[in-house]
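Visitor: Below you will find the structure I want to go over with you.
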Amino acid sequence: MSSTLFDPIDLGSIKAPNRILMAPLTRGRSVGEHVPITELKAEYYGQRASAGLIIAEATGISQEGLGWPSAPGIWSEEQVAAWKPVTDEVHKRGGRIILQLWHMGRLVHPDFLGGAEPVSSSATTAPGLAHTAEGKKDYTEARALETSEIPRVVADYVHAAKNAIAAGFDGVQIHGANGYLIDQFLRDNANFRTDEYGGSIENRIRLLCEVTQAVVDAVGADRTSVRLSPNGETQGCDDSDPVALFTAAAAALQEIGIAFLELREVKPYGNFGQTEVPRVSPEIRKVFHGPLVLNQEYTKELADADLASGLADAISFGRPYISNPDLAERLRTGAELTPDNFKTWYSPGAEGYTDYPFLQSLDA
């Protein structure tokens, strides 16, 4: 029997009451040394507790890996303490929440590193402009991580994962997507290494596998998930054979036994940008047998179709959750969605963050 958005699902140790997940969304609202503004974040995520599972925003595993103004971290005791009331509030409202672990690699501007070079798989420069506290600036060339440094980076992921569990999160998600560090190792137009982390697909997925296995060993496979993005060029990262690359990565993650795999891929109804890019999820479905979560501009109708076909086990919704804290109820009832305001995505306060209406308030 085919599944619907409103059927329960087990995602590792998490028993989700529906298959409507909140995708990770960078929203800022942190201060000082990347410490979450507790009261704001607790209300924001608490409002969205009716999601089957909240995947909280990308959160830095180390200062080296975090290059976004006002984005939160999870490497310090102060950060852990600030996150704890957030997870408490979500749980109090009956929700489930995991934290996405983030290392941005070459997308960290030296302004965040005291002038030091960012790190990546190879000495490359990201396209476009970096967001800094002083406005947008050109990215600079990253230095290639030394082979001897890889264990340190893996250890940073483990430390962050343990901190996330200590902060009350129900699990973690390793961010292997969107052109950030792990993706910079995965894709062959960004990885020119000649050691065991470069060249063949087997070598390029090695960092992903080592990080995932180490996090699994630290917090449990049933609390560990991964996000990948087989969606064509993303922040300068692309691959000449995405089907071979991402099916190999998914097969390796199946072997490790993660709780679920989330894919941000091309739109389910058309092209990604201006380029013809095929969906890779049908091929990944053949090699990854755990829960598969798909993401990228889904409507309810498209979500229903991919669940009914068995291609997806759950769907994660991103932007609709910015302005519809009760998205699950709106999808259930067919209610109109509230549009979001781009100008307040990253602004510092409650406006455009915790002040979007619920259906009940609209009916009052």
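All residue names refer to the structure tokens as shown: chains lettered A, B, ... in order, residues numbered from 1 in each chain, ligands numbered from 1 in order.
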Output as a Markdown table one row per residue of segment 61-83 of chain A within 7 Å of segment 163-171 of chain A: the closest atom pair and its distance in Å to one decimal place, counting only C-alpha atoms, sorted by chain and residue number ascending.
Guide:
| residue | atom | partner | partner_atom | distance |
| --- | --- | --- | --- | --- |
| A:Ile74 | CA | A:Asn163 | CA | 6.4 |
| A:Trp75 | CA | A:Asn163 | CA | 7.0 |
| A:Val80 | CA | A:Ala167 | CA | 5.2 |
| A:Ala81 | CA | A:Ala167 | CA | 6.7 |
| A:Trp83 | CA | A:Ala167 | CA | 5.8 |
Visitor: Write the residues of the preceding selection, restricted to N, CA and C atoms, as a short mmCIF file (atom, residue, chain, number, x, y, z; two decimals), in the first residue's frame.
Guide:
data_model
loop_
_atom_site.label_atom_id
_atom_site.label_comp_id
_atom_site.auth_asym_id
_atom_site.auth_seq_id
_atom_site.Cartn_x
_atom_site.Cartn_y
_atom_site.Cartn_z
N ILE A 74 27.96 24.90 17.26
CA ILE A 74 27.67 23.85 18.25
C ILE A 74 28.99 23.28 18.77
N TRP A 75 30.05 24.09 18.76
CA TRP A 75 31.35 23.57 19.23
C TRP A 75 31.69 24.00 20.65
N VAL A 80 26.06 25.14 23.27
CA VAL A 80 25.24 24.01 23.73
C VAL A 80 24.18 24.49 24.71
N ALA A 81 24.59 25.32 25.66
CA ALA A 81 23.66 25.83 26.67
C ALA A 81 22.55 26.66 26.03
N TRP A 83 21.33 26.25 22.98
CA TRP A 83 20.45 25.38 22.20
C TRP A 83 19.50 24.57 23.08
#
Visitor: Would you kindly return, as a compact mmCIF listing (two decimals) with C-alpha atoms, in the first residue's frame, each protein, DNA or RNA residue with an atom no farther than 9 Å from any atom of segment 140-156 of chain A, considering only C-alpha atoms and excluding same-chain residues fewer than 3 positions away?
Guide:
# COMPACT_ATOMS: atom_id res chain seq x y z
CA ILE A 61 31.03 22.37 13.78
CA SER A 62 34.01 24.70 14.30
CA TRP A 75 31.35 23.57 19.23
CA GLY A 105 35.01 24.70 3.43
CA ARG A 106 36.09 27.21 0.78
CA LEU A 107 32.89 29.21 1.33
CA VAL A 108 34.30 30.62 4.58
CA HIS A 109 35.74 34.09 4.02
CA PRO A 110 39.04 34.94 5.78
CA GLU A 117 42.87 30.95 4.40
CA PRO A 118 39.75 28.80 4.24
CA VAL A 119 40.22 25.07 3.69
CA SER A 120 38.89 22.76 1.01
CA SER A 121 39.65 19.57 -0.85
CA SER A 122 41.94 21.50 -3.21
CA ALA A 123 43.30 25.00 -3.75
CA THR A 124 40.22 26.44 -5.49
CA THR A 125 38.08 29.56 -5.24
CA ALA A 126 34.30 29.57 -4.95
CA HIS A 159 32.63 16.70 18.85
CA ALA A 160 29.76 18.68 17.32
CA ALA A 161 27.53 15.59 17.12
CA ARG A 193 43.71 15.69 -4.93
CA ASP A 195 46.05 11.24 -2.26
CA GLU A 196 43.50 8.72 -1.02
CA TYR A 197 40.82 11.45 -0.89
CA LEU A 207 35.69 11.83 3.68
CA GLU A 210 34.77 8.54 7.45
CA VAL A 211 32.78 11.42 8.91
CA THR A 212 29.55 9.42 8.82
CA ALA A 214 32.72 8.34 13.12
CA VAL A 215 29.49 10.16 13.95
Visitor: Could you list, as an MDAnalysis selection string, every residue within 8 Å of segment 298-311 of chain A, counting only C-alpha atoms and ignoring same-chain residues fewer than 6 positions away?
Guide: chainID A and resid 2:5 267:269 281:282 285 292 317 331
Visitor: Would you output that residue set with N, CA, C and O atoms, as an mmCIF file, in the first residue's frame?
Guide:
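Full text of selection-v3.cif as output:
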data_model
loop_
_atom_site.group_PDB
_atom_site.id
_atom_site.type_symbol
_atom_site.label_atom_id
_atom_site.label_comp_id
_atom_site.auth_asym_id
_atom_site.auth_seq_id
_atom_site.Cartn_x
_atom_site.Cartn_y
_atom_site.Cartn_z
ATOM 1 N N SER A 2 0.553 2.204 -0.849
ATOM 2 C CA SER A 2 1.372 3.414 -0.938
ATOM 3 C C SER A 2 1.164 4.300 0.279
ATOM 4 O O SER A 2 0.124 4.263 0.937
ATOM 5 N N SER A 3 2.184 5.116 0.563
ATOM 6 C CA SER A 3 2.154 6.000 1.718
ATOM 7 C C SER A 3 1.627 7.377 1.332
ATOM 8 O O SER A 3 1.640 7.769 0.157
ATOM 9 N N THR A 4 1.196 8.122 2.351
ATOM 10 C CA THR A 4 0.781 9.508 2.153
ATOM 11 C C THR A 4 1.594 10.389 3.093
ATOM 12 O O THR A 4 2.283 9.903 3.996
ATOM 13 N N LEU A 5 1.492 11.682 2.887
ATOM 14 C CA LEU A 5 2.206 12.630 3.738
ATOM 15 C C LEU A 5 1.811 12.516 5.203
ATOM 16 O O LEU A 5 2.579 12.915 6.086
ATOM 17 N N LYS A 267 14.253 20.091 -9.366
ATOM 18 C CA LYS A 267 12.818 20.183 -9.146
ATOM 19 C C LYS A 267 12.134 18.933 -9.688
ATOM 20 O O LYS A 267 12.487 18.443 -10.755
ATOM 21 N N PRO A 268 11.155 18.420 -8.978
ATOM 22 C CA PRO A 268 10.496 17.185 -9.429
ATOM 23 C C PRO A 268 9.694 17.364 -10.708
ATOM 24 O O PRO A 268 9.273 16.403 -11.302
ATOM 25 N N TYR A 269 9.525 18.625 -11.138
ATOM 26 C CA TYR A 269 8.692 18.860 -12.315
ATOM 27 C C TYR A 269 9.452 19.510 -13.456
ATOM 28 O O TYR A 269 8.862 19.912 -14.452
ATOM 29 N N SER A 281 17.565 10.516 -7.969
ATOM 30 C CA SER A 281 16.903 9.756 -6.907
ATOM 31 C C SER A 281 16.400 8.385 -7.353
ATOM 32 O O SER A 281 16.480 7.428 -6.557
ATOM 33 N N PRO A 282 15.892 8.207 -8.578
ATOM 34 C CA PRO A 282 15.467 6.842 -8.956
ATOM 35 C C PRO A 282 16.620 5.839 -8.923
ATOM 36 O O PRO A 282 16.408 4.666 -8.571
ATOM 37 N N ARG A 285 17.496 5.238 -5.201
ATOM 38 C CA ARG A 285 16.484 4.370 -4.590
ATOM 39 C C ARG A 285 16.839 2.892 -4.752
ATOM 40 O O ARG A 285 16.500 2.069 -3.896
ATOM 41 N N LEU A 292 14.203 7.319 2.471
ATOM 42 C CA LEU A 292 14.735 8.299 1.538
ATOM 43 C C LEU A 292 13.820 9.521 1.555
ATOM 44 O O LEU A 292 12.618 9.409 1.288
ATOM 45 N N PHE A 317 10.206 20.058 3.347
ATOM 46 C CA PHE A 317 9.776 21.345 2.796
ATOM 47 C C PHE A 317 10.613 22.451 3.431
ATOM 48 O O PHE A 317 10.737 22.514 4.650
ATOM 49 N N LEU A 331 -1.325 21.710 4.694
ATOM 50 C CA LEU A 331 -1.313 20.698 3.649
ATOM 51 C C LEU A 331 -2.455 19.700 3.845
ATOM 52 O O LEU A 331 -3.067 19.242 2.878
#
Visitor: Taking only C-alpha atoms into account, name the residue in A:Leu40, A:Ile174, A:Ile322, A:Ile54 that is nearest to Asn341 of chain A.
Guide: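 Ranking A:Leu40, A:Ile174, A:Ile322, A:Ile54 by distance to Asn341 of chain A, first place goes to A:Ile322.
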Visitor: Point out the residue among A:Ala244, A:Ala350, A:Val90, A:Ala259 with the least atom-to-atom distance to Val293 of chain A, counting only C-alpha atoms.
Guide: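 Of the candidates, the smallest distance to Val293 of chain A is held by A:Ala259.
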Visitor: Leaving out Asp88 of chain A and any residue of its chain fewer than 2 positions from it, which residues lie within 10 Å of it when counting only C-alpha atoms, given as a list in words?
Guide: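 That gives Ala42, Gly46, Trp83, Lys84, Pro85, Val86, Val90, His91, Lys92, Arg93, Gly94, Gly95, Arg96, Ile97, Ala167, Gly168 and Phe169 of chain A.
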Visitor: Just how far from atom CA of Phe246 of chain A is atom CA of Thr194 of chain A, in Å to one decimal?
Guide: 20.5 Å
Visitor: Can you list every residue in segment 115-355 of chain A that DSSP puts in alpha helix (DSSP H), as a PyMOL selection string?
Guide: chain A and resi 150-166+181-186+201-204+206-219+242-256+281-287+300-309+319-323+327-333
Visitor: Please build the interface table for segment 252-303 of chain A against segment 6-11 of chain A with a cut-off of 9 Å, listing for each qualifying residue the nearest atom pair and the distance in Å to one decimal; count only C-alpha atoms, order rows by chain and increasing number, and write it as a Markdown table.
Guide:
| residue | atom | partner | partner_atom | distance |
| --- | --- | --- | --- | --- |
| A:Ala259 | CA | A:Leu11 | CA | 5.6 |
| A:Phe260 | CA | A:Leu11 | CA | 6.1 |
| A:Gly290 | CA | A:Leu11 | CA | 8.7 |
| A:Pro291 | CA | A:Leu11 | CA | 6.7 |
Visitor: Write out, as a short mmCIF file (atom, residue, chain, number, x, y, z; two decimals), in the first residue's frame, the residues just selected, with N, CA and C atoms.
Guide:
data_model
loop_
_atom_site.label_atom_id
_atom_site.label_comp_id
_atom_site.auth_asym_id
_atom_site.auth_seq_id
_atom_site.Cartn_x
_atom_site.Cartn_y
_atom_site.Cartn_z
N ALA A 259 20.18 6.48 9.63
CA ALA A 259 18.74 6.50 9.90
C ALA A 259 17.93 6.89 8.67
N PHE A 260 18.40 7.89 7.93
CA PHE A 260 17.75 8.25 6.67
C PHE A 260 18.70 9.11 5.85
N GLY A 290 17.12 2.36 3.11
CA GLY A 290 16.55 3.00 4.28
C GLY A 290 15.59 4.10 3.86
N PRO A 291 15.02 4.84 4.82
CA PRO A 291 14.12 5.94 4.47
C PRO A 291 14.82 6.98 3.60
#
